[in-house]
$ cat final_24.txt   # compact mmCIF, C-alpha atoms
# COMPACT_ATOMS: atom_id res chain seq x y z
CA MET A 1 49.61 80.79 181.81
CA LEU A 2 51.40 77.70 180.56
CA SER A 3 51.79 74.11 181.60
CA SER A 4 54.44 71.62 180.66
CA ARG A 5 55.26 67.97 181.02
CA THR A 6 58.96 68.75 180.78
CA GLY A 7 59.44 70.66 183.98
CA ARG A 8 59.25 74.41 183.45
CA GLY A 9 57.57 74.72 186.82
CA TYR A 10 53.97 74.72 185.64
CA LEU A 11 51.10 72.36 186.39
CA ASN A 12 49.97 70.10 183.56
CA PRO A 13 46.22 70.10 182.88
CA LEU A 14 46.56 66.77 181.05
CA ARG A 15 47.16 63.66 183.10
CA CYS A 16 50.84 62.77 183.14
CA ASN A 17 50.05 59.06 182.91
CA MET A 18 47.43 59.51 180.24
CA THR A 19 46.52 56.38 178.30
CA THR A 20 45.85 57.39 174.72
CA GLN A 21 44.12 55.71 171.83
CA SER A 22 45.52 58.26 169.42
CA LYS A 23 49.05 58.50 168.04
CA ILE A 24 48.71 62.28 167.89
CA GLU A 25 51.06 63.57 170.56
CA TRP A 26 48.85 66.34 171.93
CA THR A 27 45.56 64.49 172.46
CA GLU A 28 44.15 61.29 173.97
CA GLN A 29 41.37 60.03 171.72
CA THR A 30 39.75 60.98 168.45
CA TRP A 31 36.04 61.48 167.77
CA ASN A 32 34.91 61.66 164.15
CA PRO A 33 31.22 62.62 163.83
CA THR A 34 32.03 63.45 160.20
CA THR A 35 34.47 61.77 157.81
CA GLY A 36 36.01 62.87 154.54
CA CYS A 37 36.98 66.28 153.27
CA THR A 38 38.09 68.33 150.25
CA LYS A 39 41.40 70.13 149.74
CA ILE A 40 41.44 73.92 150.03
CA SER A 41 45.05 75.00 150.67
CA PRO A 42 48.70 73.84 150.37
CA GLY A 43 48.63 72.13 153.76
CA CYS A 44 46.11 69.66 152.34
CA LYS A 45 48.36 68.44 149.51
CA TYR A 46 49.52 65.22 151.17
CA CYS A 47 46.63 64.75 153.61
CA TYR A 48 47.21 61.82 155.94
CA ALA A 49 43.46 61.46 156.53
CA GLU A 50 42.82 60.94 152.84
CA THR A 51 45.39 58.16 152.69
CA MET A 52 43.98 56.55 155.83
CA ALA A 53 40.38 56.82 154.57
CA LYS A 54 41.29 54.94 151.39
CA ARG A 55 42.91 52.18 153.46
CA LEU A 56 39.86 51.95 155.70
CA GLN A 57 37.59 51.82 152.65
CA ALA A 58 39.62 48.91 151.26
CA MET A 59 39.32 47.15 154.62
CA GLY A 60 35.54 47.61 154.64
CA ALA A 61 35.58 49.77 157.77
CA PRO A 62 32.16 51.25 158.69
CA GLY A 63 31.87 54.92 157.83
CA TYR A 64 34.36 54.80 154.98
CA GLU A 65 32.24 53.18 152.29
CA ASN A 66 32.66 56.34 150.21
CA GLY A 67 36.35 56.72 150.91
CA PHE A 68 37.28 60.34 151.54
CA GLU A 69 34.00 61.89 150.42
CA LEU A 70 32.44 64.12 153.07
CA ASN A 71 29.95 62.11 155.13
CA LEU A 72 27.99 62.86 158.27
CA GLN A 73 28.16 60.06 160.86
CA PRO A 74 25.13 60.59 163.15
CA THR A 75 25.55 57.13 164.71
CA ARG A 76 28.81 58.35 166.25
CA LEU A 77 27.34 61.37 167.98
CA GLN A 78 26.62 59.51 171.22
CA GLN A 79 30.14 58.14 171.68
CA PRO A 80 31.40 60.72 174.23
CA LEU A 81 28.25 60.20 176.31
CA ARG A 82 29.28 56.59 176.92
CA ARG A 83 32.59 57.55 178.54
CA ARG A 84 32.49 58.92 182.08
CA LYS A 85 36.26 59.16 182.53
CA PRO A 86 37.46 62.69 181.66
CA THR A 87 39.05 62.45 178.23
CA VAL A 88 40.71 64.83 175.79
CA TYR A 89 39.14 64.32 172.34
CA PHE A 90 40.49 65.60 169.05
CA VAL A 91 37.31 66.17 167.07
CA ASN A 92 37.49 65.04 163.46
CA SER A 93 41.00 63.83 162.85
CA MET A 94 39.52 62.38 159.62
CA SER A 95 37.57 65.43 158.46
CA ASP A 96 36.87 69.12 159.04
CA LEU A 97 33.87 69.73 161.29
CA PHE A 98 33.29 73.16 159.74
CA HIS A 99 33.37 71.92 156.14
CA GLU A 100 30.89 73.87 154.04
CA ALA A 101 28.88 70.68 153.38
CA VAL A 102 28.21 70.14 157.11
CA PRO A 103 24.91 71.86 157.93
CA ASP A 104 24.49 74.06 160.99
CA THR A 105 21.90 71.63 162.33
CA PHE A 106 24.53 68.89 162.49
CA LEU A 107 27.01 71.25 164.13
CA ASP A 108 24.31 72.03 166.68
CA ALA A 109 23.99 68.31 167.42
CA VAL A 110 27.76 67.97 167.88
CA PHE A 111 27.94 70.93 170.26
CA ASP A 112 24.91 69.66 172.16
CA ILE A 113 26.84 66.45 172.93
CA ILE A 114 29.86 68.53 173.94
CA SER A 115 27.71 70.58 176.32
CA GLN A 116 26.30 67.39 177.83
CA THR A 117 29.80 66.04 178.61
CA PRO A 118 31.58 68.78 180.59
CA GLN A 119 34.01 66.20 182.00
CA HIS A 120 35.64 65.91 178.57
CA THR A 121 37.79 68.39 176.66
CA PHE A 122 37.19 68.70 172.91
CA GLN A 123 39.94 70.00 170.63
CA ILE A 124 38.38 71.20 167.36
CA LEU A 125 40.65 72.18 164.48
CA THR A 126 39.53 73.67 161.15
CA LYS A 127 40.82 75.18 157.93
CA ARG A 128 37.36 76.66 157.26
CA SER A 129 37.98 79.47 159.73
CA GLU A 130 35.74 81.97 157.96
CA ARG A 131 32.79 79.92 159.15
CA LEU A 132 33.67 80.25 162.84
CA PRO A 133 32.47 83.83 163.51
CA ASP A 134 29.28 83.19 161.54
CA TYR A 135 28.40 79.96 163.32
CA PHE A 136 29.16 81.27 166.82
CA SER A 137 27.36 84.55 166.26
CA GLY A 138 24.66 84.50 168.92
CA LYS A 139 25.91 81.13 170.22
CA ARG A 140 28.18 80.41 173.15
CA CYS A 141 31.22 78.23 172.56
CA PRO A 142 31.20 75.63 175.39
CA ASP A 143 33.94 76.05 178.00
CA ASN A 144 35.23 72.52 177.35
CA VAL A 145 36.07 73.33 173.73
CA TRP A 146 39.58 74.18 172.60
CA LEU A 147 39.03 75.85 169.22
CA GLY A 148 41.87 75.93 166.70
CA VAL A 149 42.84 76.71 163.12
CA SER A 150 45.49 75.26 160.82
CA VAL A 151 48.26 77.64 159.76
CA GLU A 152 50.65 76.27 157.15
CA ASP A 153 51.76 79.43 155.35
CA ARG A 154 51.27 83.19 155.20
CA GLN A 155 48.73 83.39 152.37
CA TYR A 156 46.19 80.84 153.57
CA GLY A 157 47.09 80.34 157.21
CA LEU A 158 47.56 83.77 158.74
CA PRO A 159 44.04 85.09 157.89
CA ARG A 160 42.58 82.13 159.78
CA ILE A 161 44.05 83.45 163.03
CA ASP A 162 42.00 86.63 162.73
CA HIS A 163 38.82 84.59 162.18
CA LEU A 164 39.58 82.47 165.25
CA ARG A 165 40.16 85.54 167.41
CA LYS A 166 36.57 86.65 166.79
CA VAL A 167 35.18 83.65 168.70
CA ASP A 168 34.92 83.80 172.48
CA ALA A 169 36.46 80.38 173.14
CA LYS A 170 38.10 79.52 176.44
CA VAL A 171 41.14 78.17 174.58
CA ARG A 172 42.14 79.26 171.07
CA PHE A 173 44.99 77.39 169.43
CA LEU A 174 47.04 77.22 166.24
CA SER A 175 48.16 73.99 164.60
CA ILE A 176 51.11 75.06 162.48
CA GLU A 177 51.57 71.73 160.74
CA PRO A 178 52.91 71.24 158.20
CA LEU A 179 54.91 74.44 158.52
CA LEU A 180 55.74 75.20 154.88
CA GLU A 181 57.54 78.56 155.08
CA ASN A 182 58.75 81.27 157.43
CA LEU A 183 55.59 82.88 158.81
CA GLY A 184 57.29 86.12 159.72
CA LYS A 185 55.68 88.26 162.41
CA LEU A 186 52.69 86.61 164.11
CA ASN A 187 49.85 88.29 165.96
CA LEU A 188 49.34 85.96 168.93
CA GLU A 189 46.95 88.23 170.81
CA ALA A 190 44.21 86.14 172.48
CA ILE A 191 45.87 82.89 171.34
CA HIS A 192 46.57 80.40 174.14
CA TRP A 193 48.43 77.52 172.47
CA VAL A 194 50.68 77.01 169.44
CA ILE A 195 51.57 73.60 168.01
CA VAL A 196 54.28 73.26 165.35
CA GLY A 197 55.16 70.21 163.31
CA GLY A 198 56.88 69.14 160.11
CA GLU A 199 55.32 67.03 157.38
CA SER A 200 55.72 63.26 157.25
CA GLY A 201 55.35 60.73 154.46
CA PRO A 202 57.32 59.85 151.30
CA LYS A 203 56.53 63.18 149.57
CA ALA A 204 56.94 65.37 152.65
CA ARG A 205 58.14 68.93 152.18
CA PRO A 206 61.09 70.01 154.37
CA MET A 207 60.77 72.40 157.30
CA ALA A 208 63.67 74.71 158.14
CA PRO A 209 64.74 74.96 161.81
CA GLU A 210 64.73 78.76 161.63
CA TRP A 211 61.04 78.73 160.67
CA VAL A 212 60.21 76.71 163.79
CA ASP A 213 62.38 78.83 166.04
CA ASN A 214 60.74 81.99 164.74
CA VAL A 215 57.36 80.70 165.95
CA ARG A 216 58.76 79.36 169.22
CA ARG A 217 60.48 82.64 170.06
CA GLN A 218 57.33 84.68 169.47
CA ALA A 219 55.19 82.26 171.50
CA VAL A 220 57.59 82.44 174.44
CA GLU A 221 57.71 86.23 174.27
CA ALA A 222 53.90 86.40 174.17
CA GLY A 223 53.47 83.94 177.05
CA VAL A 224 51.70 81.45 174.77
CA ALA A 225 52.06 77.71 175.44
CA PHE A 226 54.28 76.09 172.79
CA PHE A 227 54.20 72.43 171.71
CA PHE A 228 56.71 71.05 169.20
CA LYS A 229 55.10 67.93 167.74
CA GLN A 230 57.71 66.55 165.35
CA TRP A 231 60.32 67.22 162.69
CA GLY A 232 58.61 64.76 160.41
CA THR A 233 60.36 63.14 157.46
CA TRP A 234 63.05 65.83 157.27
CA GLY A 235 65.31 66.22 160.29
CA ALA A 236 66.70 69.43 161.77
CA ASP A 237 69.89 68.62 159.85
CA GLY A 238 68.04 68.59 156.53
CA VAL A 239 68.36 64.82 156.13
CA LYS A 240 65.38 62.76 155.02
CA ARG A 241 64.73 59.70 157.17
CA ALA A 242 61.96 57.89 159.09
CA LYS A 243 60.17 60.48 161.26
CA GLN A 244 60.71 58.51 164.47
CA ASN A 245 64.45 58.83 163.90
CA ASN A 246 64.22 62.61 163.60
CA GLY A 247 62.54 62.91 166.97
CA ARG A 248 60.87 65.91 168.63
CA GLU A 249 63.71 67.86 170.18
CA LEU A 250 64.06 71.54 169.35
CA ASN A 251 67.16 73.39 170.54
CA GLY A 252 68.17 70.36 172.59
CA ARG A 253 64.91 69.87 174.52
CA LEU A 254 61.28 68.81 174.25
CA TRP A 255 58.54 71.43 174.15
CA ASN A 256 55.33 69.91 175.56
CA GLU A 257 53.46 72.92 176.87
CA TYR A 258 49.69 73.08 177.17
CA PRO A 259 47.39 76.01 177.94
CA LEU A 260 46.53 76.15 181.62
CA ALA A 261 42.87 76.90 181.22
CA VAL A 262 41.08 73.64 181.99
CA SER A 263 41.63 71.37 184.98
CA ILE A 264 41.11 67.72 184.04
$ encode --input "final_24.txt" --output "structure tokens"
Amino acid sequence: MLSSRTGRGYLNPLRCNMTTQSKIEWTEQTWNPTTGCTKISPGCKYCYAETMAKRLQAMGAPGYENGFELNLQPTRLQQPLRRRKPTVYFVNSMSDLFHEAVPDTFLDAVFDIISQTPQHTFQILTKRSERLPDYFSGKRCPDNVWLGVSVEDRQYGLPRIDHLRKVDAKVRFLSIEPLLENLGKLNLEAIHWVIVGGESGPKARPMAPEWVDNVRRQAVEAGVAFFFKQWGTWGADGVKRAKQNNGRELNGRLWNEYPLAVSI
């Protein structure tokens, strides 16, 4: 089932008047129990988190003393416990929770906090998808976790979907951002949500409208919720401009669907 804020007749599991502390269109707040990362695929080339981490390091922000080097942040683990109001958290906007340098014991601590805060929803996105079936083998993924993988191209991105499918998560989602090529035929079996977005920034790579529409069409046919996040630096007309001027419309409308699996 789907939900939408744009009136396709479905209920929206996210609050319509949500107050967000994140500029990411599909979440409310961010929680970063780890910071920093390393690049592993083409989608990482112009990583926004790396640029932001360097700025925060220059500003002397706590947790970014080492810039974009991978760091565990145990002092941040308790943050969701301090918030009673049901909140949608994007976990690790500044890192990858399943990075190979993050030990299982720290992952256990993160998921323990998640289990203790069932009022919240935690959206976890990774490019290290091969670690998902191993970590969750013999473990239960909490019901308030939306588990996702990044899919930027066919070579690196598509295999991640198969890894994700092996985990019994209540919501499995794909973040197809930046979409770097036509993905062709997608296997969306057991996938509940698809997000698509173009790249932003001065060196952004263009995204063709037909690539986006190929994903959208398959999601609609499969009954999978579809969210179009942005065109990014390159508009649907192939013109490079500020991303806010390119907007979020696809085929003349907004696509703001969410998976109808959690009532918040």
$ atom_distance --input "final_24.txt" --atom1 "atom CA of Lys45 of chain A" --atom2 "atom CA of Leu107 of chain A"
26.0 Å
$ closest_residue --input "final_24.txt" --among "A:Asp143, A:Glu65, A:Glu25, A:Asp162" --to "Gln119 of chain A" --atoms "only C-alpha atoms"
A:Asp143
$ residues_around --input "final_24.txt" --residues "Gln155 of chain A" --least-positions-apart "4" --cutoff "10 Å" --atoms "all atoms listed in the file" --output "PyMOL selection string"
chain A and resi 41-42+151+159-160+183
$ residues_near_point --input "final_24.txt" --point "(61.3, 56.4, 165.3)" --cutoff "12 Å" --atoms "all atoms listed in the file" --output "PyMOL selection string"
chain A and resi 200+230-233+235+241-248
$ residues_around --input "final_24.txt" --residues "Ser95 of chain A" --least-positions-apart "3" --cutoff "12 Å" --atoms "only C-alpha atoms" --output "ChimeraX atom specification"
/A:30-39,44,47-50,52-53,63-64,67-73,90-92,98-102,124-128
$ closest_residue --input "final_24.txt" --among "A:Asn187, A:Ser175, A:Thr117, A:Asn182" --to "Phe228 of chain A" --atoms "all atoms listed in the file"
A:Ser175
$ residues_around --input "final_24.txt" --residues "segment 84-86 of chain A" --least-positions-apart "3" --cutoff "9 Å" --atoms "all atoms listed in the file" --output "NGL selection string"
:A and (80-81 or 117-121 or 264)
$ closest_residue --input "final_24.txt" --among "A:Val110, A:Leu188, A:Val145, A:Leu132" --to "Val167 of chain A" --atoms "all atoms listed in the file"
A:Leu132
$ atom_distance --input "final_24.txt" --atom1 "atom CA of Glu257 of chain A" --atom2 "atom CA of Asp153 of chain A"
22.5 Å
$ atom_distance --input "final_24.txt" --atom1 "atom CA of Gly157 of chain A" --atom2 "atom CA of Leu97 of chain A"
17.4 Å
$ decode --input "final_24.txt" --residues "segment 130-141 of chain A" --atoms "N, CA and C atoms" --output "PDB file, in the first residue's frame"
ATOM      1  N   GLU A 130      26.216  -5.707   1.523  1.00  0.00           N
ATOM      2  CA  GLU A 130      26.628  -7.098   1.733  1.00  0.00           C
ATOM      3  C   GLU A 130      26.718  -7.439   3.212  1.00  0.00           C
ATOM      4  N   ARG A 131      26.788  -6.425   4.053  1.00  0.00           N
ATOM      5  CA  ARG A 131      26.882  -6.666   5.486  1.00  0.00           C
ATOM      6  C   ARG A 131      25.511  -6.909   6.115  1.00  0.00           C
ATOM      7  N   LEU A 132      24.456  -6.502   5.445  1.00  0.00           N
ATOM      8  CA  LEU A 132      23.117  -6.600   6.024  1.00  0.00           C
ATOM      9  C   LEU A 132      22.698  -8.035   6.346  1.00  0.00           C
ATOM     10  N   PRO A 133      22.749  -8.969   5.386  1.00  0.00           N
ATOM     11  CA  PRO A 133      22.321 -10.339   5.716  1.00  0.00           C
ATOM     12  C   PRO A 133      23.177 -10.976   6.808  1.00  0.00           C
ATOM     13  N   ASP A 134      24.465 -10.653   6.830  1.00  0.00           N
ATOM     14  CA  ASP A 134      25.345 -11.217   7.852  1.00  0.00           C
ATOM     15  C   ASP A 134      24.985 -10.692   9.240  1.00  0.00           C
ATOM     16  N   TYR A 135      24.811  -9.358   9.334  1.00  0.00           N
ATOM     17  CA  TYR A 135      24.532  -8.786  10.649  1.00  0.00           C
ATOM     18  C   TYR A 135      23.184  -9.256  11.190  1.00  0.00           C
ATOM     19  N   PHE A 136      22.167  -9.308  10.328  1.00  0.00           N
ATOM     20  CA  PHE A 136      20.827  -9.648  10.791  1.00  0.00           C
ATOM     21  C   PHE A 136      20.569 -11.155  10.833  1.00  0.00           C
ATOM     22  N   SER A 137      21.568 -11.945  10.505  1.00  0.00           N
ATOM     23  CA  SER A 137      21.420 -13.384  10.629  1.00  0.00           C
ATOM     24  C   SER A 137      21.283 -13.749  12.110  1.00  0.00           C
ATOM     25  N   GLY A 138      20.144 -14.289  12.468  1.00  0.00           N
ATOM     26  CA  GLY A 138      19.902 -14.624  13.873  1.00  0.00           C
ATOM     27  C   GLY A 138      19.451 -13.454  14.712  1.00  0.00           C
ATOM     28  N   LYS A 139      19.315 -12.264  14.086  1.00  0.00           N
ATOM     29  CA  LYS A 139      18.826 -11.082  14.800  1.00  0.00           C
ATOM     30  C   LYS A 139      17.546 -10.603  14.133  1.00  0.00           C
ATOM     31  N   ARG A 140      16.694  -9.987  14.908  1.00  0.00           N
ATOM     32  CA  ARG A 140      15.453  -9.437  14.372  1.00  0.00           C
ATOM     33  C   ARG A 140      15.632  -7.944  14.107  1.00  0.00           C
ATOM     34  N   CYS A 141      15.276  -7.521  12.916  1.00  0.00           N
ATOM     35  CA  CYS A 141      15.299  -6.089  12.609  1.00  0.00           C
ATOM     36  C   CYS A 141      14.076  -5.454  13.274  1.00  0.00           C
TER      37      CYS A 141
END
